[in-house]
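Q: Hey, dropping upload03.pdb in here, PDB, C-alpha atoms, pLDDT in the B column:
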ATOM      1  CA  MET M   1     249.495  -7.806 167.334  1.00 90.00           C
ATOM      2  CA  ARG M   2     250.923  -5.112 169.635  1.00 90.00           C
ATOM      3  CA  ALA M   3     248.403  -6.054 172.306  1.00 92.00           C
ATOM      4  CA  ALA M   4     249.040  -9.756 171.728  1.00 94.00           C
ATOM      5  CA  LEU M   5     252.775  -9.294 172.230  1.00 91.00           C
ATOM      6  CA  ASP M   6     252.153  -7.461 175.517  1.00 91.00           C
ATOM      7  CA  ALA M   7     249.608 -10.103 176.581  1.00 93.00           C
ATOM      8  CA  GLY M   8     251.972 -13.012 175.969  1.00 93.00           C
ATOM      9  CA  GLU M   9     249.842 -14.585 173.247  1.00 96.00           C
ATOM     10  CA  PHE M  10     252.839 -15.372 171.040  1.00 97.00           C
ATOM     11  CA  TRP M  11     254.927 -18.486 171.601  1.00 97.00           C
ATOM     12  CA  LEU M  12     257.626 -20.467 169.838  1.00 98.00           C
ATOM     13  CA  ALA M  13     257.356 -23.965 168.427  1.00 98.00           C
ATOM     14  CA  TYR M  14     260.489 -25.967 167.657  1.00 98.00           C
ATOM     15  CA  GLN M  15     260.916 -28.353 164.730  1.00 98.00           C
ATOM     16  CA  PRO M  16     263.908 -30.704 164.815  1.00 98.00           C
ATOM     17  CA  LYS M  17     266.546 -31.089 162.137  1.00 97.00           C
ATOM     18  CA  VAL M  18     267.903 -34.633 162.009  1.00 96.00           C
ATOM     19  CA  ASN M  19     270.197 -36.969 160.175  1.00 94.00           C
ATOM     20  CA  PRO M  20     267.850 -39.934 159.594  1.00 92.00           C
ATOM     21  CA  ALA M  21     270.748 -42.209 158.630  1.00 90.00           C
ATOM     22  CA  SER M  22     272.745 -41.758 161.851  1.00 93.00           C
ATOM     23  CA  GLY M  23     269.919 -40.626 164.113  1.00 94.00           C
ATOM     24  CA  GLU M  24     271.813 -37.475 165.094  1.00 95.00           C
ATOM     25  CA  LEU M  25     269.737 -34.507 166.230  1.00 97.00           C
ATOM     26  CA  LEU M  26     271.337 -31.571 164.416  1.00 97.00           C
ATOM     27  CA  GLY M  27     269.335 -28.619 165.717  1.00 97.00           C
ATOM     28  CA  ALA M  28     265.890 -27.051 165.795  1.00 98.00           C
ATOM     29  CA  GLU M  29     264.120 -24.245 163.975  1.00 98.00           C
ATOM     30  CA  ALA M  30     262.115 -21.836 166.128  1.00 98.00           C
ATOM     31  CA  LEU M  31     258.774 -20.937 164.532  1.00 98.00           C
ATOM     32  CA  LEU M  32     256.499 -18.142 165.740  1.00 97.00           C
ATOM     33  CA  ARG M  33     252.928 -19.025 166.729  1.00 97.00           C
ATOM     34  CA  TRP M  34     250.001 -16.897 167.945  1.00 97.00           C
ATOM     35  CA  ASN M  35     247.160 -18.101 170.146  1.00 95.00           C
ATOM     36  CA  GLY M  36     244.613 -15.280 170.024  1.00 90.00           C
ATOM     37  CA  PRO M  37     241.489 -14.894 172.194  1.00 90.00           C
ATOM     38  CA  ASP M  38     239.461 -16.622 169.461  1.00 90.00           C
ATOM     39  CA  GLY M  39     241.984 -19.371 168.803  1.00 93.00           C
ATOM     40  CA  PRO M  40     245.211 -19.821 166.802  1.00 94.00           C
ATOM     41  CA  VAL M  41     246.035 -17.281 164.090  1.00 95.00           C
ATOM     42  CA  SER M  42     247.854 -18.656 161.043  1.00 95.00           C
ATOM     43  CA  PRO M  43     251.428 -17.424 160.457  1.00 95.00           C
ATOM     44  CA  ALA M  44     250.403 -17.048 156.797  1.00 94.00           C
ATOM     45  CA  THR M  45     248.061 -14.317 158.015  1.00 94.00           C
ATOM     46  CA  PHE M  46     249.975 -12.505 160.726  1.00 95.00           C
ATOM     47  CA  ILE M  47     253.563 -12.648 159.403  1.00 94.00           C
ATOM     48  CA  PRO M  48     252.801 -10.646 156.212  1.00 93.00           C
ATOM     49  CA  ALA M  49     250.780  -8.172 158.301  1.00 93.00           C
ATOM     50  CA  ALA M  50     253.666  -7.802 160.742  1.00 94.00           C
ATOM     51  CA  GLU M  51     256.092  -7.161 157.886  1.00 91.00           C
ATOM     52  CA  GLU M  52     253.784  -4.622 156.265  1.00 91.00           C
ATOM     53  CA  THR M  53     253.261  -2.660 159.489  1.00 92.00           C
ATOM     54  CA  GLY M  54     256.829  -2.859 160.747  1.00 90.00           C
ATOM     55  CA  LEU M  55     255.811  -4.885 163.792  1.00 94.00           C
ATOM     56  CA  ILE M  56     258.069  -7.669 162.556  1.00 94.00           C
ATOM     57  CA  VAL M  57     261.008  -5.799 164.137  1.00 94.00           C
ATOM     58  CA  PRO M  58     259.782  -5.940 167.787  1.00 94.00           C
ATOM     59  CA  LEU M  59     258.306  -9.378 167.130  1.00 95.00           C
ATOM     60  CA  GLY M  60     261.624 -10.520 165.711  1.00 95.00           C
ATOM     61  CA  ARG M  61     263.475  -9.254 168.751  1.00 96.00           C
ATOM     62  CA  TRP M  62     261.061 -11.159 170.991  1.00 97.00           C
ATOM     63  CA  VAL M  63     261.672 -14.317 168.929  1.00 97.00           C
ATOM     64  CA  LEU M  64     265.427 -13.904 169.307  1.00 97.00           C
ATOM     65  CA  ARG M  65     265.076 -13.399 173.060  1.00 97.00           C
ATOM     66  CA  GLU M  66     262.842 -16.443 173.532  1.00 98.00           C
ATOM     67  CA  ALA M  67     264.898 -18.699 171.258  1.00 98.00           C
ATOM     68  CA  CYS M  68     268.146 -17.741 173.003  1.00 98.00           C
ATOM     69  CA  ALA M  69     266.564 -18.299 176.417  1.00 98.00           C
ATOM     70  CA  GLN M  70     265.290 -21.743 175.391  1.00 98.00           C
ATOM     71  CA  ALA M  71     268.625 -22.743 173.886  1.00 98.00           C
ATOM     72  CA  ARG M  72     270.284 -21.666 177.129  1.00 98.00           C
ATOM     73  CA  ARG M  73     267.854 -23.779 179.185  1.00 98.00           C
ATOM     74  CA  TRP M  74     268.673 -26.829 177.067  1.00 98.00           C
ATOM     75  CA  ALA M  75     272.404 -26.136 177.422  1.00 98.00           C
ATOM     76  CA  ASP M  76     272.060 -25.770 181.201  1.00 97.00           C
ATOM     77  CA  ALA M  77     270.250 -29.119 181.289  1.00 96.00           C
ATOM     78  CA  GLY M  78     273.243 -30.748 179.613  1.00 97.00           C
ATOM     79  CA  GLN M  79     271.511 -31.051 176.253  1.00 96.00           C
ATOM     80  CA  PRO M  80     272.922 -28.210 174.131  1.00 97.00           C
ATOM     81  CA  LEU M  81     271.155 -27.793 170.801  1.00 98.00           C
ATOM     82  CA  ALA M  82     271.578 -25.155 168.092  1.00 97.00           C
ATOM     83  CA  VAL M  83     268.381 -23.157 167.573  1.00 98.00           C
ATOM     84  CA  SER M  84     267.765 -21.137 164.411  1.00 98.00           C
ATOM     85  CA  VAL M  85     265.366 -18.235 163.855  1.00 98.00           C
ATOM     86  CA  ASN M  86     264.035 -16.735 160.633  1.00 96.00           C
ATOM     87  CA  ILE M  87     265.115 -13.181 159.889  1.00 94.00           C
ATOM     88  CA  SER M  88     262.991 -10.916 157.685  1.00 90.00           C
ATOM     89  CA  ALA M  89     264.277  -8.212 155.362  1.00 87.00           C
ATOM     90  CA  ALA M  90     262.759  -5.527 157.617  1.00 89.00           C
ATOM     91  CA  GLN M  91     264.606  -6.880 160.636  1.00 90.00           C
ATOM     92  CA  PHE M  92     267.878  -7.005 158.771  1.00 87.00           C
ATOM     93  CA  ALA M  93     267.399  -3.462 157.469  1.00 86.00           C
ATOM     94  CA  ASP M  94     267.012  -2.187 161.029  1.00 88.00           C
ATOM     95  CA  PRO M  95     270.310  -0.406 161.859  1.00 89.00           C
ATOM     96  CA  THR M  96     270.249  -1.926 165.350  1.00 93.00           C
ATOM     97  CA  PHE M  97     269.962  -5.519 164.097  1.00 94.00           C
ATOM     98  CA  VAL M  98     273.528  -6.639 164.886  1.00 96.00           C
ATOM     99  CA  ASP M  99     273.371  -4.967 168.294  1.00 96.00           C
ATOM    100  CA  THR M 100     270.038  -6.691 168.939  1.00 96.00           C
ATOM    101  CA  VAL M 101     271.465 -10.145 168.234  1.00 97.00           C
ATOM    102  CA  GLN M 102     274.522  -9.437 170.356  1.00 97.00           C
ATOM    103  CA  ASP M 103     272.376  -8.035 173.197  1.00 97.00           C
ATOM    104  CA  GLU M 104     270.166 -11.129 173.276  1.00 97.00           C
ATOM    105  CA  LEU M 105     273.174 -13.449 173.254  1.00 98.00           C
ATOM    106  CA  ARG M 106     274.678 -11.547 176.189  1.00 97.00           C
ATOM    107  CA  ALA M 107     271.395 -11.381 178.102  1.00 97.00           C
ATOM    108  CA  SER M 108     270.915 -15.139 177.837  1.00 97.00           C
ATOM    109  CA  ALA M 109     274.627 -15.939 178.247  1.00 97.00           C
ATOM    110  CA  LEU M 110     274.211 -18.235 175.234  1.00 98.00           C
ATOM    111  CA  SER M 111     277.215 -19.404 173.227  1.00 97.00           C
ATOM    112  CA  ALA M 112     276.953 -17.837 169.784  1.00 97.00           C
ATOM    113  CA  HIS M 113     277.444 -21.189 168.013  1.00 97.00           C
ATOM    114  CA  LEU M 114     274.082 -22.332 169.442  1.00 98.00           C
ATOM    115  CA  LEU M 115     272.225 -19.585 167.548  1.00 98.00           C
ATOM    116  CA  GLY M 116     271.446 -19.711 163.839  1.00 97.00           C
ATOM    117  CA  LEU M 117     269.940 -17.074 161.548  1.00 97.00           C
ATOM    118  CA  GLU M 118     267.901 -18.209 158.547  1.00 95.00           C
ATOM    119  CA  VAL M 119     267.738 -15.708 155.688  1.00 91.00           C
ATOM    120  CA  THR M 120     266.466 -15.913 152.118  1.00 85.00           C
ATOM    121  CA  GLU M 121     268.459 -15.552 148.912  1.00 81.00           C
ATOM    122  CA  THR M 122     266.507 -12.385 148.098  1.00 78.00           C
ATOM    123  CA  LEU M 123     267.514 -10.810 151.405  1.00 80.00           C
ATOM    124  CA  LEU M 124     271.165 -11.648 150.787  1.00 78.00           C
ATOM    125  CA  MET M 125     271.147  -9.812 147.486  1.00 77.00           C
ATOM    126  CA  ARG M 126     269.654  -6.597 148.871  1.00 75.00           C
ATOM    127  CA  HIS M 127     272.322  -4.036 149.753  1.00 72.00           C
ATOM    128  CA  VAL M 128     275.078  -6.624 149.369  1.00 78.00           C
ATOM    129  CA  GLU M 129     277.794  -4.737 151.240  1.00 81.00           C
ATOM    130  CA  HIS M 130     275.521  -4.033 154.223  1.00 83.00           C
ATOM    131  CA  VAL M 131     274.412  -7.666 154.426  1.00 83.00           C
ATOM    132  CA  GLN M 132     277.941  -8.974 153.967  1.00 86.00           C
ATOM    133  CA  ARG M 133     279.319  -6.705 156.690  1.00 89.00           C
ATOM    134  CA  ASN M 134     276.615  -7.456 159.265  1.00 91.00           C
ATOM    135  CA  LEU M 135     276.571 -11.196 158.694  1.00 91.00           C
ATOM    136  CA  GLY M 136     280.364 -11.169 158.791  1.00 92.00           C
ATOM    137  CA  VAL M 137     280.363  -9.566 162.236  1.00 95.00           C
ATOM    138  CA  LEU M 138     277.919 -12.119 163.623  1.00 95.00           C
ATOM    139  CA  ARG M 139     279.539 -15.082 161.906  1.00 94.00           C
ATOM    140  CA  ALA M 140     282.946 -14.068 163.310  1.00 95.00           C
ATOM    141  CA  GLN M 141     281.412 -14.396 166.766  1.00 95.00           C
ATOM    142  CA  GLY M 142     280.169 -17.914 165.990  1.00 97.00           C
ATOM    143  CA  VAL M 143     276.540 -17.341 164.915  1.00 97.00           C
ATOM    144  CA  ARG M 144     275.470 -19.741 162.157  1.00 96.00           C
ATOM    145  CA  VAL M 145     273.932 -18.467 158.908  1.00 94.00           C
ATOM    146  CA  SER M 146     271.525 -20.503 156.763  1.00 93.00           C
ATOM    147  CA  ILE M 147     270.045 -19.712 153.357  1.00 89.00           C
ATOM    148  CA  ASP M 148     266.390 -20.699 153.597  1.00 87.00           C
ATOM    149  CA  ASP M 149     264.380 -21.987 150.596  1.00 78.00           C
ATOM    150  CA  PHE M 150     267.586 -22.361 148.609  1.00 81.00           C
ATOM    151  CA  GLY M 151     267.056 -22.903 144.895  1.00 69.00           C
ATOM    152  CA  THR M 152     263.939 -20.748 144.536  1.00 67.00           C
ATOM    153  CA  GLY M 153     265.389 -17.252 144.579  1.00 61.00           C
ATOM    154  CA  TYR M 154     268.333 -15.414 143.075  1.00 58.00           C
ATOM    155  CA  SER M 155     270.109 -17.625 140.544  1.00 53.00           C
ATOM    156  CA  GLY M 156     273.656 -16.329 141.004  1.00 58.00           C
ATOM    157  CA  LEU M 157     276.054 -18.523 142.974  1.00 68.00           C
ATOM    158  CA  SER M 158     278.993 -16.206 143.585  1.00 69.00           C
ATOM    159  CA  TYR M 159     277.438 -14.999 146.852  1.00 72.00           C
ATOM    160  CA  LEU M 160     277.961 -18.448 148.374  1.00 76.00           C
ATOM    161  CA  HIS M 161     281.610 -17.657 148.883  1.00 75.00           C
ATOM    162  CA  GLU M 162     281.116 -13.905 149.325  1.00 76.00           C
ATOM    163  CA  PHE M 163     278.764 -14.308 152.289  1.00 82.00           C
ATOM    164  CA  PRO M 164     279.618 -16.192 155.512  1.00 87.00           C
ATOM    165  CA  VAL M 165     277.039 -18.920 154.942  1.00 89.00           C
ATOM    166  CA  THR M 166     277.168 -22.213 156.894  1.00 92.00           C
ATOM    167  CA  THR M 167     274.013 -24.026 155.708  1.00 92.00           C
ATOM    168  CA  LEU M 168     271.805 -24.410 152.623  1.00 90.00           C
ATOM    169  CA  LYS M 169     268.174 -25.431 153.125  1.00 90.00           C
ATOM    170  CA  ILE M 170     266.698 -27.015 149.988  1.00 85.00           C
ATOM    171  CA  ASP M 171     263.193 -25.684 149.474  1.00 80.00           C
ATOM    172  CA  ARG M 172     260.302 -28.084 150.111  1.00 79.00           C
ATOM    173  CA  SER M 173     258.967 -27.469 146.587  1.00 76.00           C
ATOM    174  CA  PHE M 174     261.667 -29.803 145.254  1.00 73.00           C
ATOM    175  CA  LEU M 175     259.962 -32.612 147.177  1.00 65.00           C
ATOM    176  CA  ALA M 176     256.526 -31.985 145.659  1.00 65.00           C
ATOM    177  CA  PRO M 177     255.112 -34.875 143.593  1.00 59.00           C
ATOM    178  CA  GLY M 178     255.052 -32.761 140.457  1.00 58.00           C
ATOM    179  CA  ARG M 179     258.761 -32.036 140.800  1.00 59.00           C
ATOM    180  CA  SER M 180     260.043 -35.532 141.529  1.00 58.00           C
ATOM    181  CA  GLY M 181     261.340 -36.206 138.022  1.00 66.00           C
ATOM    182  CA  PRO M 182     264.851 -36.115 136.557  1.00 74.00           C
ATOM    183  CA  GLN M 183     265.123 -32.318 136.665  1.00 74.00           C
ATOM    184  CA  ALA M 184     264.320 -32.093 140.374  1.00 72.00           C
ATOM    185  CA  THR M 185     266.695 -34.985 141.046  1.00 78.00           C
ATOM    186  CA  ALA M 186     269.469 -33.243 139.138  1.00 81.00           C
ATOM    187  CA  LEU M 187     268.903 -29.994 141.042  1.00 79.00           C
ATOM    188  CA  ILE M 188     269.007 -31.656 144.447  1.00 81.00           C
ATOM    189  CA  THR M 189     272.111 -33.624 143.462  1.00 85.00           C
ATOM    190  CA  ALA M 190     273.773 -30.409 142.283  1.00 84.00           C
ATOM    191  CA  ILE M 191     272.887 -28.492 145.458  1.00 84.00           C
ATOM    192  CA  SER M 192     274.113 -31.350 147.664  1.00 86.00           C
ATOM    193  CA  GLY M 193     277.364 -31.553 145.727  1.00 86.00           C
ATOM    194  CA  LEU M 194     277.803 -27.781 145.855  1.00 85.00           C
ATOM    195  CA  GLY M 195     277.302 -27.825 149.600  1.00 87.00           C
ATOM    196  CA  ARG M 196     279.897 -30.546 150.100  1.00 87.00           C
ATOM    197  CA  ALA M 197     282.393 -28.758 147.851  1.00 87.00           C
ATOM    198  CA  LEU M 198     281.984 -25.549 149.870  1.00 87.00           C
ATOM    199  CA  ASN M 199     281.938 -27.368 153.221  1.00 89.00           C
ATOM    200  CA  LEU M 200     278.343 -26.304 153.891  1.00 90.00           C
ATOM    201  CA  GLN M 201     275.635 -28.288 155.628  1.00 91.00           C
ATOM    202  CA  VAL M 202     272.688 -29.062 153.321  1.00 92.00           C
ATOM    203  CA  ILE M 203     269.218 -29.653 154.801  1.00 93.00           C
ATOM    204  CA  ALA M 204     266.172 -30.907 152.880  1.00 90.00           C
ATOM    205  CA  GLU M 205     262.961 -29.268 154.126  1.00 90.00           C
ATOM    206  CA  GLY M 206     259.414 -30.591 154.020  1.00 89.00           C
ATOM    207  CA  VAL M 207     260.164 -34.313 154.337  1.00 90.00           C
ATOM    208  CA  GLU M 208     256.856 -36.088 154.924  1.00 89.00           C
ATOM    209  CA  GLN M 209     257.174 -39.603 153.421  1.00 86.00           C
ATOM    210  CA  PRO M 210     259.692 -42.416 154.102  1.00 86.00           C
ATOM    211  CA  ALA M 211     260.357 -42.719 150.369  1.00 83.00           C
ATOM    212  CA  GLN M 212     261.543 -39.100 150.352  1.00 84.00           C
ATOM    213  CA  VAL M 213     264.145 -39.943 152.995  1.00 88.00           C
ATOM    214  CA  ARG M 214     265.655 -42.745 150.931  1.00 85.00           C
ATOM    215  CA  ALA M 215     265.642 -40.569 147.822  1.00 81.00           C
ATOM    216  CA  ARG M 216     267.371 -37.662 149.558  1.00 84.00           C
ATOM    217  CA  LEU M 217     269.995 -39.912 151.135  1.00 86.00           C
ATOM    218  CA  ASP M 218     270.696 -41.431 147.731  1.00 83.00           C
ATOM    219  CA  LEU M 219     271.200 -37.918 146.347  1.00 80.00           C
ATOM    220  CA  GLY M 220     273.738 -37.059 149.038  1.00 83.00           C
ATOM    221  CA  CYS M 221     271.522 -34.997 151.360  1.00 87.00           C
ATOM    222  CA  ALA M 222     271.825 -36.459 154.865  1.00 88.00           C
ATOM    223  CA  ALA M 223     270.227 -33.677 156.957  1.00 93.00           C
ATOM    224  CA  MET M 224     266.453 -33.309 156.897  1.00 94.00           C
ATOM    225  CA  GLN M 225     263.502 -31.527 158.479  1.00 95.00           C
ATOM    226  CA  GLY M 226     259.801 -32.237 158.174  1.00 94.00           C
ATOM    227  CA  TYR M 227     256.598 -33.679 159.580  1.00 94.00           C
ATOM    228  CA  LEU M 228     257.810 -37.243 159.023  1.00 92.00           C
ATOM    229  CA  PHE M 229     260.120 -36.731 161.995  1.00 95.00           C
ATOM    230  CA  ALA M 230     258.124 -34.179 164.000  1.00 96.00           C
ATOM    231  CA  PRO M 231     255.866 -31.155 163.523  1.00 97.00           C
ATOM    232  CA  PRO M 232     256.778 -27.846 165.188  1.00 97.00           C
ATOM    233  CA  LEU M 233     256.383 -28.551 168.916  1.00 98.00           C
ATOM    234  CA  PRO M 234     256.083 -26.523 172.139  1.00 97.00           C
ATOM    235  CA  PRO M 235     259.245 -26.811 174.299  1.00 97.00           C
ATOM    236  CA  ALA M 236     257.871 -29.474 176.666  1.00 97.00           C
ATOM    237  CA  ALA M 237     256.599 -31.593 173.774  1.00 98.00           C
ATOM    238  CA  PHE M 238     259.918 -31.119 171.962  1.00 98.00           C
ATOM    239  CA  GLU M 239     261.765 -32.398 175.022  1.00 97.00           C
ATOM    240  CA  ALA M 240     259.483 -35.467 175.146  1.00 97.00           C
ATOM    241  CA  TRP M 241     260.075 -36.059 171.423  1.00 97.00           C
ATOM    242  CA  ARG M 242     263.815 -35.731 171.995  1.00 97.00           C
ATOM    243  CA  ARG M 243     263.746 -38.421 174.680  1.00 96.00           C
ATOM    244  CA  ASP M 244     261.785 -40.735 172.382  1.00 95.00           C
ATOM    245  CA  TRP M 245     263.738 -40.006 169.203  1.00 95.00           C
ATOM    246  CA  PRO M 246     266.434 -42.731 169.623  1.00 92.00           C
ATOM    247  CA  ALA M 247     263.730 -45.409 169.847  1.00 91.00           C
ATOM    248  CA  GLN M 248     261.786 -43.846 166.980  1.00 87.00           C
ATOM    249  CA  HIS M 249     264.919 -43.714 164.872  1.00 88.00           C
ATOM    250  CA  ALA M 250     265.729 -47.356 165.572  1.00 85.00           C
ATOM    251  CA  ALA M 251     262.243 -48.400 164.477  1.00 77.00           C
ATOM    252  CA  PHE M 252     262.404 -46.084 161.475  1.00 73.00           C
ATOM    253  CA  ALA M 253     265.824 -47.429 160.432  1.00 73.00           C
ATOM    254  CA  ALA M 254     264.666 -51.030 160.783  1.00 69.00           C
ATOM    255  CA  HIS M 255     261.623 -50.302 158.611  1.00 63.00           C
ATOM    256  CA  ALA M 256     263.734 -48.447 156.031  1.00 58.00           C
TER     257      ALA M 256
END
Have the structure of the file written as structure tokens, please.
A:
Amino acid sequence: MRAALDAGEFWLAYQPKVNPASGELLGAEALLRWNGPDGPVSPATFIPAAEETGLIVPLGRWVLREACAQARRWADAGQPLAVSVNISAAQFADPTFVDTVQDELRASALSAHLLGLEVTETLLMRHVEHVQRNLGVLRAQGVRVSIDDFGTGYSGLSYLHEFPVTTLKIDRSFLAPGRSGPQATALITAISGLGRALNLQVIAEGVEQPAQVRARLDLGCAAMQGYLFAPPLPPAAFEAWRRDWPAQHAAFAAHA
């Protein structure tokens, strides 16, 4: 992985976040990919290895740099779009983490409101004061903060007003066929209502079927992300998708 980073074998794919009712493009999540000499390496393989070895810290800094640079290119082209990156526990534990985020924002001259950090519930509850302080500094500068896979981790809810959170991402497991009954419906309805009450954006992940869109809209969740709209795409392909999205949305809305 060290050699791959030096050789430029890593790249970022971008998956859009949309409001399928209005057609609004809400942002994009940057996802790390690795094309090795023998072909693509699965993130399920290399991300755990990077976390175990500590390489997730330099890799994470590279992701921040690339995501900020891409967001700046889109802003310069007159198409500003918020880009979010996933932050691991090891990255957040690094004492230089806040400085790293600030350095990359300055280096790219990117407005802080166009950068989002996605963290898990488990990460939030580790060293609460440290997390609260660091996220508070970044949020005060305009950086967005999302709780990824919400509903699968720590069950306490008090942290939602203790931490400077802007977005809840409902875990894709709530969309699985085996969890589509009344209990899953009640949970999604509760999370959507909680988000509205706290003035937080709520995004449903893993949307793959048109029926899931209608169900989520009916439950009050208007923002979505998933393969139904687009897979994670290289920047050029993302830009092509973005140009085509209004027409796709019109056809999708007519069908719905």
Q: Near segment 112-129 of chain M, counting all atoms listed in the file, which residues have an atom at most 7 Å away, once you skip same-chain residues fewer than 6 positions from it, shown as number ranges by chain?
A: M: 81-87, 89, 105, 141-150, 153-154
Q: Taking all atoms listed in the file into account, which of M:Leu31, M:Ala93, M:Ala44, M:Ala250 comes nearest Tyr14 of chain M?
A: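 Smallest distance to Tyr14 of chain M is found for M:Leu31.
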Q: Select from segment 73-166 of chain M every residue with an atom at most 8 Å from any atom of segment 197-207 of chain M, then for each give the shortest pair of atoms and their distance in Å to one decimal, using all atoms listed in the file, rows by chain and rising number, as JSON lines.
A:
{"residue": "M:His161", "atom": "CA", "partner": "M:Leu198", "partner_atom": "CA", "distance": 8.0}
{"residue": "M:Val165", "atom": "CA", "partner": "M:Leu200", "partner_atom": "CA", "distance": 7.6}
{"residue": "M:Thr166", "atom": "CA", "partner": "M:Leu200", "partner_atom": "CA", "distance": 5.2}
Q: Run through the PyMOL selection byres ((chain M and resi 57) around 9) on the given coordinates and return the selected residues as a list in words.
A: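 Written out, the selection comes to Ala50, Glu51, Gly54, Leu55, Ile56, Pro58, Leu59, Gly60, Arg61, Trp62, Ser88, Ala90, Gln91, Phe92, Asp94 and Phe97 of chain M.
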Q: Exactly which residues make up the result of the PyMOL selection byres ((chain M and resi 236) around 12) on this file, given as a list in words?
A: Leu12, Ala13, Tyr14, Gln70, Arg73, Trp74, Pro232, Leu233, Pro234, Pro235, Ala237, Phe238, Glu239, Ala240, Trp241, Arg242 and Arg243 of chain M
Q: Take atom CA of Val101 of chain M and atom CA of Glu52 of chain M and report the distance between them in Å, one decimal.
A: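 Computed distance, atom CA of Val101 of chain M to atom CA of Glu52 of chain M, equals 22.1 Å.
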Q: Would you kindly translate the PyMOL selection byres ((chain M and resi 227) around 9) into the concrete residues it picks from this file, as a VMD selection string?
A: chain M and resid 15 206 to 209 225 to 226 228 to 232
Q: Could you tell me how far atom CA of Leu26 of chain M lies from atom CA of Val131 of chain M, in Å and to one decimal?
A: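 About the pair atom CA of Leu26 of chain M and atom CA of Val131 of chain M: they are 26.1 Å apart.
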Q: One decimal, Å: what's the distance from atom CA of Thr167 of chain M over to atom CA of Arg33 of chain M, could you say?
A: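 Distance reported for this atom pair: 24.3 Å.
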Q: Quick one: of M:Asp244, M:Ala21, M:Thr100, M:Gly36, who's nearest to Ala3 of chain M, counting all atoms listed in the file?
A: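 Comparing M:Asp244, M:Ala21, M:Thr100, M:Gly36 against Ala3 of chain M, the winner is M:Gly36.
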Q: Which of these residues is nearest to Pro40 of chain M, using all atoms listed in the file: M:Val213, M:Ala186, M:Ala71, M:Ala4?
A: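 So, comparing all the options, the nearest one is M:Ala4.
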Q: For segment 158-167 of chain M, I'd like the enclosing box, axis-aligned and padded by 6 Å on every side, reported as JSON with centre and edge lengths in Å to one decimal.
A:
{"center_x": 277.8, "center_y": -19.0, "center_z": 150.2, "size_x": 19.6, "size_y": 22.1, "size_z": 25.3}
Q: Here is a test: counting only C-alpha atoms, which residue of M:Cys68, M:Ile170, M:Ala49, M:Leu160 is nearest to Ala28 of chain M?
A: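 Nearest candidate to Ala28 of chain M out of M:Cys68, M:Ile170, M:Ala49, M:Leu160: M:Cys68.
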